[in-house]
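Q: You'll find run-v9.csv just under this line, and it carries CSV, C-alpha atoms.
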chain,number,residue,atom,x,y,z
A,1,MET,CA,8.5,23.9,-7.4
A,2,LYS,CA,4.8,24.3,-8.0
A,3,ARG,CA,2.4,22.8,-5.5
A,4,SER,CA,-1.3,22.8,-5.1
A,5,CYS,CA,-2.2,23.4,-1.5
A,6,GLU,CA,-5.1,21.2,-0.4
A,7,ASN,CA,-3.0,19.2,2.0
A,8,ASP,CA,0.4,20.5,1.0
A,9,VAL,CA,1.8,17.0,0.9
A,10,SER,CA,4.4,16.0,-1.8
A,11,VAL,CA,5.8,12.6,-2.4
A,12,LEU,CA,9.3,12.2,-3.8
A,13,ARG,CA,10.5,9.0,-5.4
A,14,TYR,CA,14.2,8.7,-4.6
A,15,GLY,CA,15.9,6.8,-7.4
A,16,HIS,CA,14.6,5.2,-10.6
A,17,ARG,CA,16.0,2.7,-13.1
A,18,PRO,CA,14.1,3.1,-16.4
A,19,GLY,CA,12.5,-0.1,-17.5
A,20,ARG,CA,13.0,-2.1,-14.4
A,21,ASP,CA,11.4,0.4,-12.0
A,22,ASP,CA,8.7,1.9,-14.3
A,23,ARG,CA,5.8,0.0,-12.8
A,24,MET,CA,6.8,0.6,-9.1
A,25,THR,CA,7.5,4.3,-9.7
A,26,THR,CA,4.2,4.6,-11.5
A,27,HIS,CA,2.4,3.0,-8.6
A,28,VAL,CA,4.1,5.4,-6.2
A,29,GLY,CA,2.7,8.3,-8.2
A,30,LEU,CA,-0.8,6.9,-8.6
A,31,THR,CA,-0.9,5.9,-4.9
A,32,ALA,CA,0.2,9.4,-3.9
A,33,ARG,CA,-2.6,10.9,-6.0
A,34,ALA,CA,-5.3,8.5,-5.0
A,35,LEU,CA,-4.6,8.8,-1.2
A,36,GLY,CA,-4.5,12.6,-0.8
A,37,ALA,CA,-1.0,13.9,-1.7
A,38,ASP,CA,-1.0,17.0,-3.9
A,39,GLN,CA,2.1,16.3,-5.9
A,40,VAL,CA,4.6,13.6,-6.9
A,41,ILE,CA,8.3,14.5,-7.7
A,42,PHE,CA,10.0,11.9,-9.8
A,43,PRO,CA,13.7,11.6,-10.8
A,44,ASP,CA,14.4,13.2,-14.1
A,45,ASN,CA,14.7,9.8,-15.9
A,46,ALA,CA,11.3,8.6,-14.9
A,47,THR,CA,9.7,9.9,-18.0
A,48,GLN,CA,7.4,7.0,-18.7
A,49,SER,CA,6.0,6.9,-15.1
A,50,ALA,CA,5.4,10.7,-15.3
A,51,GLU,CA,3.5,10.3,-18.5
A,52,THR,CA,1.3,7.5,-17.1
A,53,VAL,CA,0.4,9.4,-13.9
A,54,SER,CA,-0.3,12.6,-15.9
A,55,ASP,CA,-2.6,10.6,-18.2
A,56,ILE,CA,-4.5,9.3,-15.2
A,57,VAL,CA,-4.9,12.8,-13.8
A,58,SER,CA,-6.3,14.0,-17.2
A,59,ARG,CA,-8.8,11.1,-17.3
A,60,PHE,CA,-9.8,10.7,-13.6
A,61,GLY,CA,-9.2,14.2,-12.3
A,62,GLY,CA,-7.1,16.3,-10.0
A,63,PRO,CA,-5.7,18.6,-8.8
A,64,PHE,CA,-2.4,16.6,-8.7
A,65,ASP,CA,1.0,17.8,-10.0
A,66,VAL,CA,3.6,15.5,-11.6
A,67,GLU,CA,7.1,17.0,-11.5
A,68,ARG,CA,10.5,15.6,-12.5
A,69,THR,CA,13.8,16.9,-11.3
A,70,ASP,CA,17.5,16.2,-11.7
A,71,GLY,CA,18.1,17.6,-8.3
A,72,LEU,CA,16.6,15.1,-5.8
A,73,ASN,CA,19.1,15.9,-3.1
A,74,ALA,CA,18.7,19.6,-3.5
A,75,THR,CA,14.9,19.3,-3.3
A,76,ILE,CA,15.2,17.5,0.0
A,77,ARG,CA,17.9,19.7,1.5
A,78,GLU,CA,16.1,22.9,0.5
A,79,TRP,CA,12.6,21.8,1.5
A,80,SER,CA,10.9,24.6,3.4
A,81,GLY,CA,8.8,22.3,5.6
A,82,THR,CA,8.9,18.8,7.2
A,83,VAL,CA,10.8,16.0,5.5
A,84,ILE,CA,9.6,12.5,6.2
A,85,HIS,CA,11.5,9.4,4.9
A,86,LEU,CA,9.7,6.1,4.9
A,87,THR,CA,12.1,3.2,5.7
A,88,MET,CA,11.8,-0.1,7.4
A,89,TYR,CA,14.6,1.0,9.7
A,90,GLY,CA,12.7,4.0,11.1
A,91,GLU,CA,10.5,4.8,14.1
A,92,ARG,CA,7.2,3.0,14.3
A,93,VAL,CA,4.4,4.6,12.3
A,94,GLN,CA,1.9,4.0,15.1
A,95,ASP,CA,4.1,6.0,17.5
A,96,VAL,CA,4.8,9.1,15.5
A,97,THR,CA,2.0,9.8,13.0
A,98,GLU,CA,-0.2,11.6,15.5
A,99,VAL,CA,2.6,14.1,16.4
A,100,ILE,CA,3.2,14.8,12.7
A,101,ARG,CA,-0.5,15.3,12.0
A,102,GLU,CA,-0.9,17.7,14.8
A,103,THR,CA,2.3,19.7,14.5
A,104,CYS,CA,3.2,19.6,10.8
A,105,LEU,CA,0.2,18.7,8.6
A,106,HIS,CA,-1.6,21.9,7.4
A,107,HIS,CA,1.1,24.0,9.2
A,108,GLN,CA,3.9,23.5,6.7
A,109,PRO,CA,4.6,21.6,3.4
A,110,LEU,CA,5.3,17.9,3.9
A,111,LEU,CA,7.7,16.0,1.7
A,112,ILE,CA,7.5,12.2,1.9
A,113,ILE,CA,10.5,10.4,0.5
A,114,ILE,CA,10.0,6.9,-0.9
A,115,GLY,CA,13.2,5.0,-1.5
A,116,GLY,CA,14.1,2.9,-4.5
A,117,GLU,CA,16.7,0.1,-4.2
A,118,LYS,CA,19.5,2.1,-2.5
A,119,VAL,CA,19.0,5.2,-0.4
A,120,PRO,CA,22.3,7.0,0.7
A,121,SER,CA,22.7,7.5,4.5
A,122,ASP,CA,22.6,11.3,3.9
A,123,VAL,CA,18.8,11.0,3.3
A,124,TYR,CA,18.4,9.5,6.8
A,125,GLU,CA,20.2,12.6,8.2
A,126,TRP,CA,18.4,15.2,6.1
A,127,ALA,CA,15.0,13.8,7.1
A,128,ASP,CA,13.2,15.2,10.1
A,129,TRP,CA,11.5,11.9,10.5
A,130,ASN,CA,12.5,8.4,9.5
A,131,ILE,CA,9.3,6.3,9.8
A,132,ALA,CA,8.7,2.6,9.4
A,133,VAL,CA,5.4,1.0,8.4
A,134,THR,CA,6.4,-2.2,10.2
A,135,ASN,CA,10.1,-2.9,10.6
A,136,GLN,CA,9.7,-5.7,8.1
A,137,PRO,CA,10.7,-5.8,4.4
A,138,HIS,CA,7.7,-5.4,2.2
A,139,SER,CA,6.8,-2.7,-0.4
A,140,GLU,CA,7.4,1.0,-0.6
A,141,VAL,CA,4.0,1.4,-2.2
A,142,ALA,CA,2.3,-0.4,0.7
A,143,GLY,CA,4.2,1.7,3.2
A,144,LEU,CA,3.2,5.0,1.4
A,145,ALA,CA,-0.4,3.9,1.3
A,146,VAL,CA,-0.7,3.0,5.0
A,147,PHE,CA,1.2,6.2,6.0
A,148,LEU,CA,-1.1,8.5,4.0
A,149,ASP,CA,-4.3,6.8,5.2
A,150,ARG,CA,-3.1,7.2,8.8
A,151,LEU,CA,-1.9,10.8,8.3
A,152,PHE,CA,-5.2,11.9,6.8
A,153,MET,CA,-7.2,9.6,9.1
A,154,GLY,CA,-9.2,8.3,6.1
A,155,GLN,CA,-10.4,11.7,5.1
A,156,GLU,CA,-8.5,11.3,1.8
A,157,LEU,CA,-11.0,8.6,0.8
A,158,GLU,CA,-13.8,11.3,0.7
A,159,GLN,CA,-12.0,13.7,-1.7
A,160,GLU,CA,-13.7,14.8,-4.9
A,161,TRP,CA,-12.0,15.1,-8.2
A,162,ALA,CA,-12.0,18.1,-10.5
A,163,GLY,CA,-11.8,17.9,-14.3
A,164,ALA,CA,-12.3,14.1,-14.5
A,165,GLU,CA,-13.6,12.6,-17.8
A,166,HIS,CA,-14.6,9.3,-16.1
A,167,VAL,CA,-16.2,8.5,-12.7
A,168,VAL,CA,-16.3,5.0,-11.3
A,169,VAL,CA,-19.5,4.4,-9.3
A,170,PRO,CA,-19.1,2.0,-6.4
A,171,GLN,CA,-20.9,-1.3,-7.0
A,172,ALA,CA,-21.4,-4.4,-4.9
A,173,CYS,CA,-20.9,-6.4,-8.1
A,174,GLY,CA,-19.6,-5.6,-11.6
A,175,LYS,CA,-18.3,-2.4,-13.0
A,176,ARG,CA,-19.9,1.0,-13.6
A,177,VAL,CA,-18.1,3.9,-15.2
A,178,VAL,CA,-19.9,7.0,-16.2
A,179,ASP,CA,-19.1,10.1,-18.0
A,180,ALA,CA,-18.1,12.8,-15.5
A,181,GLU,CA,-20.4,15.4,-17.0
A,182,LEU,CA,-23.4,13.2,-16.6
A,183,THR,CA,-22.8,12.7,-12.8
A,184,THR,CA,-22.4,16.5,-12.4
A,185,GLU,CA,-25.8,17.0,-14.2
A,186,ALA,CA,-27.4,14.3,-12.1
A,187,ASP,CA,-26.1,15.9,-8.9
A,188,GLU,CA,-27.5,19.3,-10.0
A,189,MET,CA,-30.9,17.7,-10.8
A,190,ASN,CA,-30.9,16.1,-7.4
A,191,ALA,CA,-30.0,19.4,-5.7
A,192,GLU,CA,-32.9,21.1,-7.5
A,193,LYS,CA,-35.4,18.6,-6.2
B,1,MET,CA,-4.7,-25.9,1.7
B,2,LYS,CA,-2.6,-25.5,4.8
B,3,ARG,CA,-3.3,-22.3,6.8
B,4,SER,CA,-1.9,-21.1,10.0
B,5,CYS,CA,-4.7,-19.6,12.1
B,6,GLU,CA,-3.7,-16.4,13.8
B,7,ASN,CA,-6.1,-14.3,11.9
B,8,ASP,CA,-7.1,-16.9,9.3
B,9,VAL,CA,-6.7,-14.4,6.5
B,10,SER,CA,-5.2,-15.6,3.1
B,11,VAL,CA,-4.3,-13.4,0.1
B,12,LEU,CA,-4.7,-14.8,-3.4
B,13,ARG,CA,-2.8,-13.2,-6.3
B,14,TYR,CA,-5.0,-13.6,-9.3
B,15,GLY,CA,-2.9,-13.8,-12.5
B,16,HIS,CA,0.8,-13.5,-13.0
B,17,ARG,CA,3.1,-13.0,-16.0
B,18,PRO,CA,6.6,-14.3,-15.2
B,19,GLY,CA,9.2,-11.7,-15.6
B,20,ARG,CA,6.9,-8.7,-16.1
B,21,ASP,CA,4.9,-9.2,-12.9
B,22,ASP,CA,7.6,-10.7,-10.6
B,23,ARG,CA,8.1,-7.6,-8.6
B,24,MET,CA,4.5,-6.7,-8.1
B,25,THR,CA,3.6,-10.3,-7.2
B,26,THR,CA,6.4,-10.4,-4.7
B,27,HIS,CA,5.3,-7.1,-3.2
B,28,VAL,CA,1.7,-8.6,-2.8
B,29,GLY,CA,3.2,-11.5,-0.9
B,30,LEU,CA,5.5,-9.4,1.3
B,31,THR,CA,2.7,-6.9,2.1
B,32,ALA,CA,0.4,-9.7,3.0
B,33,ARG,CA,3.0,-11.1,5.4
B,34,ALA,CA,4.0,-7.8,7.0
B,35,LEU,CA,0.5,-6.6,7.5
B,36,GLY,CA,-1.1,-9.5,9.3
B,37,ALA,CA,-2.3,-12.1,6.7
B,38,ASP,CA,-1.3,-15.7,7.4
B,39,GLN,CA,-0.8,-17.0,3.9
B,40,VAL,CA,-0.4,-16.0,0.3
B,41,ILE,CA,-1.5,-18.1,-2.6
B,42,PHE,CA,0.2,-17.4,-5.9
B,43,PRO,CA,-0.5,-18.7,-9.3
B,44,ASP,CA,1.6,-21.8,-10.2
B,45,ASN,CA,3.9,-19.8,-12.5
B,46,ALA,CA,5.0,-17.3,-9.9
B,47,THR,CA,7.9,-19.4,-8.8
B,48,GLN,CA,10.4,-16.6,-8.4
B,49,SER,CA,8.0,-14.5,-6.2
B,50,ALA,CA,7.3,-17.5,-4.1
B,51,GLU,CA,11.0,-18.1,-3.5
B,52,THR,CA,11.6,-14.5,-2.6
B,53,VAL,CA,8.7,-14.4,-0.1
B,54,SER,CA,9.8,-17.7,1.5
B,55,ASP,CA,13.3,-16.4,1.8
B,56,ILE,CA,12.0,-13.3,3.7
B,57,VAL,CA,10.0,-15.6,6.0
B,58,SER,CA,13.1,-17.7,6.8
B,59,ARG,CA,15.2,-14.5,7.5
B,60,PHE,CA,12.6,-12.2,9.2
B,61,GLY,CA,10.2,-14.8,10.7
B,62,GLY,CA,6.7,-16.1,10.5
B,63,PRO,CA,4.4,-17.9,10.7
B,64,PHE,CA,3.5,-17.2,7.1
B,65,ASP,CA,2.7,-19.7,4.4
B,66,VAL,CA,3.5,-19.4,0.8
B,67,GLU,CA,1.5,-21.6,-1.6
B,68,ARG,CA,1.2,-22.0,-5.3
B,69,THR,CA,-1.7,-23.4,-7.2
B,70,ASP,CA,-2.8,-24.1,-10.8
B,71,GLY,CA,-6.4,-23.9,-9.6
B,72,LEU,CA,-7.0,-20.3,-8.8
B,73,ASN,CA,-10.7,-20.4,-9.8
B,74,ALA,CA,-11.3,-23.6,-7.8
B,75,THR,CA,-9.6,-22.1,-4.8
B,76,ILE,CA,-12.0,-19.2,-4.9
B,77,ARG,CA,-15.2,-21.2,-5.7
B,78,GLU,CA,-14.5,-23.8,-3.0
B,79,TRP,CA,-13.4,-21.4,-0.3
B,80,SER,CA,-15.1,-22.3,3.0
B,81,GLY,CA,-15.4,-18.8,4.3
B,82,THR,CA,-15.7,-15.2,3.1
B,83,VAL,CA,-14.2,-14.2,-0.3
B,84,ILE,CA,-13.2,-10.5,-0.7
B,85,HIS,CA,-12.1,-9.1,-4.0
B,86,LEU,CA,-10.3,-5.8,-4.0
B,87,THR,CA,-11.2,-3.8,-7.1
B,88,MET,CA,-11.5,-0.1,-7.9
B,89,TYR,CA,-15.1,-0.8,-9.1
B,90,GLY,CA,-16.2,-2.1,-5.7
B,91,GLU,CA,-18.0,-0.7,-2.7
B,92,ARG,CA,-16.2,1.9,-0.6
B,93,VAL,CA,-13.7,0.4,1.9
B,94,GLN,CA,-14.8,2.9,4.5
B,95,ASP,CA,-18.4,1.8,4.2
B,96,VAL,CA,-18.0,-2.0,4.5
B,97,THR,CA,-14.8,-2.9,6.5
B,98,GLU,CA,-16.4,-2.6,9.9
B,99,VAL,CA,-19.2,-5.1,8.9
B,100,ILE,CA,-16.6,-7.6,7.6
B,101,ARG,CA,-14.4,-7.2,10.7
B,102,GLU,CA,-17.4,-7.8,13.0
B,103,THR,CA,-19.2,-10.6,11.2
B,104,CYS,CA,-16.4,-12.5,9.3
B,105,LEU,CA,-12.9,-11.9,10.8
B,106,HIS,CA,-12.1,-14.5,13.4
B,107,HIS,CA,-15.4,-16.2,12.6
B,108,GLN,CA,-14.4,-17.9,9.3
B,109,PRO,CA,-11.4,-18.0,7.0
B,110,LEU,CA,-11.1,-14.8,4.8
B,111,LEU,CA,-9.7,-15.0,1.3
B,112,ILE,CA,-8.6,-11.6,-0.2
B,113,ILE,CA,-8.2,-11.6,-4.0
B,114,ILE,CA,-5.7,-9.2,-5.5
B,115,GLY,CA,-6.2,-8.8,-9.3
B,116,GLY,CA,-3.4,-8.7,-11.9
B,117,GLU,CA,-4.0,-7.0,-15.2
B,118,LYS,CA,-7.2,-8.7,-16.2
B,119,VAL,CA,-9.7,-10.3,-13.8
B,120,PRO,CA,-12.6,-12.1,-15.4
B,121,SER,CA,-16.2,-11.1,-14.5
B,122,ASP,CA,-16.8,-14.4,-12.8
B,123,VAL,CA,-14.5,-13.3,-10.0
B,124,TYR,CA,-16.8,-10.4,-9.2
B,125,GLU,CA,-19.7,-12.9,-9.0
B,126,TRP,CA,-17.9,-15.4,-6.9
B,127,ALA,CA,-16.8,-12.8,-4.3
B,128,ASP,CA,-19.0,-12.1,-1.3
B,129,TRP,CA,-17.6,-8.6,-1.3
B,130,ASN,CA,-16.1,-6.4,-4.0
B,131,ILE,CA,-14.3,-3.6,-2.2
B,132,ALA,CA,-12.6,-0.5,-3.5
B,133,VAL,CA,-9.8,1.4,-1.7
B,134,THR,CA,-10.8,4.6,-3.5
B,135,ASN,CA,-12.6,4.2,-6.8
B,136,GLN,CA,-9.5,5.5,-8.5
B,137,PRO,CA,-6.8,3.6,-10.4
B,138,HIS,CA,-3.7,3.2,-8.3
B,139,SER,CA,-1.9,0.1,-7.1
B,140,GLU,CA,-3.1,-3.3,-6.0
B,141,VAL,CA,-0.4,-3.4,-3.4
B,142,ALA,CA,-1.5,-0.1,-1.9
B,143,GLY,CA,-5.1,-1.3,-1.9
B,144,LEU,CA,-4.1,-4.5,0.0
B,145,ALA,CA,-2.1,-2.5,2.5
B,146,VAL,CA,-4.8,-0.1,3.4
B,147,PHE,CA,-7.5,-2.8,3.5
B,148,LEU,CA,-5.4,-5.0,5.9
B,149,ASP,CA,-4.5,-2.1,8.2
B,150,ARG,CA,-8.2,-1.1,8.4
B,151,LEU,CA,-9.4,-4.7,8.8
B,152,PHE,CA,-7.0,-5.3,11.7
B,153,MET,CA,-7.3,-1.7,13.1
B,154,GLY,CA,-3.6,-1.4,13.3
B,155,GLN,CA,-3.2,-4.4,15.6
B,156,GLU,CA,-1.1,-6.1,12.8
B,157,LEU,CA,1.6,-3.6,13.5
B,158,GLU,CA,2.2,-5.0,16.9
B,159,GLN,CA,2.7,-8.6,15.9
B,160,GLU,CA,5.8,-10.5,16.9
B,161,TRP,CA,7.7,-12.8,14.6
B,162,ALA,CA,8.8,-16.3,15.4
B,163,GLY,CA,11.9,-18.0,14.0
B,164,ALA,CA,13.5,-14.8,12.7
B,165,GLU,CA,17.3,-14.6,12.1
B,166,HIS,CA,17.3,-10.8,12.0
B,167,VAL,CA,15.4,-8.1,13.9
B,168,VAL,CA,15.3,-4.5,12.8
B,169,VAL,CA,15.3,-2.2,15.8
B,170,PRO,CA,13.3,1.1,15.2
B,171,GLN,CA,15.6,4.1,15.0
B,172,ALA,CA,15.0,7.8,14.7
B,173,CYS,CA,18.0,8.0,12.3
B,174,GLY,CA,20.2,5.3,10.7
B,175,LYS,CA,19.9,1.5,10.6
B,176,ARG,CA,20.1,-1.1,13.4
B,177,VAL,CA,19.7,-4.7,12.6
B,178,VAL,CA,20.5,-7.3,15.4
B,179,ASP,CA,20.7,-11.0,15.6
B,180,ALA,CA,17.4,-12.4,16.7
B,181,GLU,CA,19.0,-14.6,19.3
B,182,LEU,CA,20.6,-11.6,20.9
B,183,THR,CA,17.3,-9.8,21.3
B,184,THR,CA,15.7,-12.8,22.9
B,185,GLU,CA,18.6,-13.1,25.3
B,186,ALA,CA,18.4,-9.4,26.1
B,187,ASP,CA,14.6,-9.7,26.7
B,188,GLU,CA,15.2,-12.6,29.1
B,189,MET,CA,17.9,-10.6,31.0
B,190,ASN,CA,15.6,-7.7,31.3
B,191,ALA,CA,12.8,-10.0,32.5
B,192,GLU,CA,15.1,-11.4,35.2
B,193,LYS,CA,16.0,-8.0,36.6
Please rewrite the model in this file as structure tokens.

A:
Amino acid sequence: MKRSCENDVSVLRYGHRPGRDDRMTTHVGLTARALGADQVIFPDNATQSAETVSDIVSRFGGPFDVERTDGLNATIREWSGTVIHLTMYGERVQDVTEVIRETCLHHQPLLIIIGGEKVPSDVYEWADWNIAVTNQPHSEVAGLAVFLDRLFMGQELEQEWAGAEHVVVPQACGKRVVDAELTTEADEMNAEK
Amino acid sequence: MKRSCENDVSVLRYGHRPGRDDRMTTHVGLTARALGADQVIFPDNATQSAETVSDIVSRFGGPFDVERTDGLNATIREWSGTVIHLTMYGERVQDVTEVIRETCLHHQPLLIIIGGEKVPSDVYEWADWNIAVTNQPHSEVAGLAVFLDRLFMGQELEQEWAGAEHVVVPQACGKRVVDAELTTEADEMNAEK
């Protein structure tokens, strides 16, 4: 499966019910992209979420790959790298993230599994790490976000985006969205000064 | 509006469409609870999300308040403390969180606004801070999670829960959920040794 290799981190959404899960699955994909992963792998039936995430990539930039597969289990079992499963039943994120960052990240491809409603017990066995962002029930999107921010130690917030049409310029109040070409030109003009 | 005062942080969900937004609004509430806020304030029509979050509080512990109001705007405008609005158009979270932690947190009540589909421009004006967890489109739940984890510097992951029926015990593999009374008894027995 194609991967870009900035961080070599992929996020796999395990399970999807079309209609009911569209929004959550889309948010998993968008969060993966915004917070430093290189790729999201959706179940084959998550067509609408895949389209939405791809549309965001084309408008706000990449690189970020959106894949779909009918072989979620095979993807996990045959992963040539570290497999991480985020679950409220796992080890505490604050106890294990540093080890993963130092021994796995940038050494081998990471696959982060984000469960849907029901995750079979096999997934817990296949994973190298079962990790909990709190042992409380909350949101798989929140868990993914906190894990990525901790894994990358905030460096993901500094990433630049290639091929964007639009760029949001941070504002204390209000909204400012500019054409991406204009910001590139402005940067070049500043660099020439 | 009643608030418990551990951190004196409330999360307000701005806007809710019953049915369509139930799951996202519920996740906002559960994420607020799990990651250290003391209270969530929902729009009056978010009855189902309020019930779900209250049910989690009764099973997994608190303190955490769930409120509903038909006066979202008044709640924001009359807030006697700091108002923070999370938006992809705001200032960069990595630039402003330290100032908020040092000058506002534990000094005055914090209100964190999480937008739904459309947030009127007034909200940007009323907020003391408009803050972006990346200036990219992703998920309001992800943004809330990263902001809370950074605001509390991970201390929220260490909190203990009062009045829980169930306690999840962190596991490298599999699931372990125990009766809360049993863990209390076990702790007392260990303390007596």

Q: How many Å lie between atom CA of Glu181 of chain A and atom CA of Ile131 of chain B, rounded to one decimal?

A: 24.8 Å

Q: Atom CA of Val93 of chain B and atom CA of Trp79 of chain B are how many Å apart?

A: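 Straight-line distance from atom CA of Val93 of chain B to atom CA of Trp79 of chain B works out to 21.9 Å.
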
Q: Distance cut-off 8 Å, counting only C-alpha atoms - which residues of chain B neighbour chain A? Return them as a ChimeraX atom specification.

A: /B:24,27,30-31,34-35,56,60,88-92,94,121,124-125,129-139,141-146,149,154,157,168-176

Q: Those selected residues, please, written with C-alpha atoms and delivered as a PDB file, in the frame of the given file.

A:
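Below is the file that was written, out_12.pdb:
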ATOM      1  CA  MET B  24       4.500  -6.700  -8.100  1.00  0.00           C
ATOM      2  CA  HIS B  27       5.300  -7.100  -3.200  1.00  0.00           C
ATOM      3  CA  LEU B  30       5.500  -9.400   1.300  1.00  0.00           C
ATOM      4  CA  THR B  31       2.700  -6.900   2.100  1.00  0.00           C
ATOM      5  CA  ALA B  34       4.000  -7.800   7.000  1.00  0.00           C
ATOM      6  CA  LEU B  35       0.500  -6.600   7.500  1.00  0.00           C
ATOM      7  CA  ILE B  56      12.000 -13.300   3.700  1.00  0.00           C
ATOM      8  CA  PHE B  60      12.600 -12.200   9.200  1.00  0.00           C
ATOM      9  CA  MET B  88     -11.500  -0.100  -7.900  1.00  0.00           C
ATOM     10  CA  TYR B  89     -15.100  -0.800  -9.100  1.00  0.00           C
ATOM     11  CA  GLY B  90     -16.200  -2.100  -5.700  1.00  0.00           C
ATOM     12  CA  GLU B  91     -18.000  -0.700  -2.700  1.00  0.00           C
ATOM     13  CA  ARG B  92     -16.200   1.900  -0.600  1.00  0.00           C
ATOM     14  CA  GLN B  94     -14.800   2.900   4.500  1.00  0.00           C
ATOM     15  CA  SER B 121     -16.200 -11.100 -14.500  1.00  0.00           C
ATOM     16  CA  TYR B 124     -16.800 -10.400  -9.200  1.00  0.00           C
ATOM     17  CA  GLU B 125     -19.700 -12.900  -9.000  1.00  0.00           C
ATOM     18  CA  TRP B 129     -17.600  -8.600  -1.300  1.00  0.00           C
ATOM     19  CA  ASN B 130     -16.100  -6.400  -4.000  1.00  0.00           C
ATOM     20  CA  ILE B 131     -14.300  -3.600  -2.200  1.00  0.00           C
ATOM     21  CA  ALA B 132     -12.600  -0.500  -3.500  1.00  0.00           C
ATOM     22  CA  VAL B 133      -9.800   1.400  -1.700  1.00  0.00           C
ATOM     23  CA  THR B 134     -10.800   4.600  -3.500  1.00  0.00           C
ATOM     24  CA  ASN B 135     -12.600   4.200  -6.800  1.00  0.00           C
ATOM     25  CA  GLN B 136      -9.500   5.500  -8.500  1.00  0.00           C
ATOM     26  CA  PRO B 137      -6.800   3.600 -10.400  1.00  0.00           C
ATOM     27  CA  HIS B 138      -3.700   3.200  -8.300  1.00  0.00           C
ATOM     28  CA  SER B 139      -1.900   0.100  -7.100  1.00  0.00           C
ATOM     29  CA  VAL B 141      -0.400  -3.400  -3.400  1.00  0.00           C
ATOM     30  CA  ALA B 142      -1.500  -0.100  -1.900  1.00  0.00           C
ATOM     31  CA  GLY B 143      -5.100  -1.300  -1.900  1.00  0.00           C
ATOM     32  CA  LEU B 144      -4.100  -4.500   0.000  1.00  0.00           C
ATOM     33  CA  ALA B 145      -2.100  -2.500   2.500  1.00  0.00           C
ATOM     34  CA  VAL B 146      -4.800  -0.100   3.400  1.00  0.00           C
ATOM     35  CA  ASP B 149      -4.500  -2.100   8.200  1.00  0.00           C
ATOM     36  CA  GLY B 154      -3.600  -1.400  13.300  1.00  0.00           C
ATOM     37  CA  LEU B 157       1.600  -3.600  13.500  1.00  0.00           C
ATOM     38  CA  VAL B 168      15.300  -4.500  12.800  1.00  0.00           C
ATOM     39  CA  VAL B 169      15.300  -2.200  15.800  1.00  0.00           C
ATOM     40  CA  PRO B 170      13.300   1.100  15.200  1.00  0.00           C
ATOM     41  CA  GLN B 171      15.600   4.100  15.000  1.00  0.00           C
ATOM     42  CA  ALA B 172      15.000   7.800  14.700  1.00  0.00           C
ATOM     43  CA  CYS B 173      18.000   8.000  12.300  1.00  0.00           C
ATOM     44  CA  GLY B 174      20.200   5.300  10.700  1.00  0.00           C
ATOM     45  CA  LYS B 175      19.900   1.500  10.600  1.00  0.00           C
ATOM     46  CA  ARG B 176      20.100  -1.100  13.400  1.00  0.00           C
TER      47      ARG B 176
END

Q: State, in Å with one decimal place, the distance from atom CA of Thr103 of chain A to atom CA of Leu151 of chain A.

A: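 Taking atom CA of Thr103 of chain A as the start and atom CA of Leu151 of chain A as the end point, the length is 11.6 Å.
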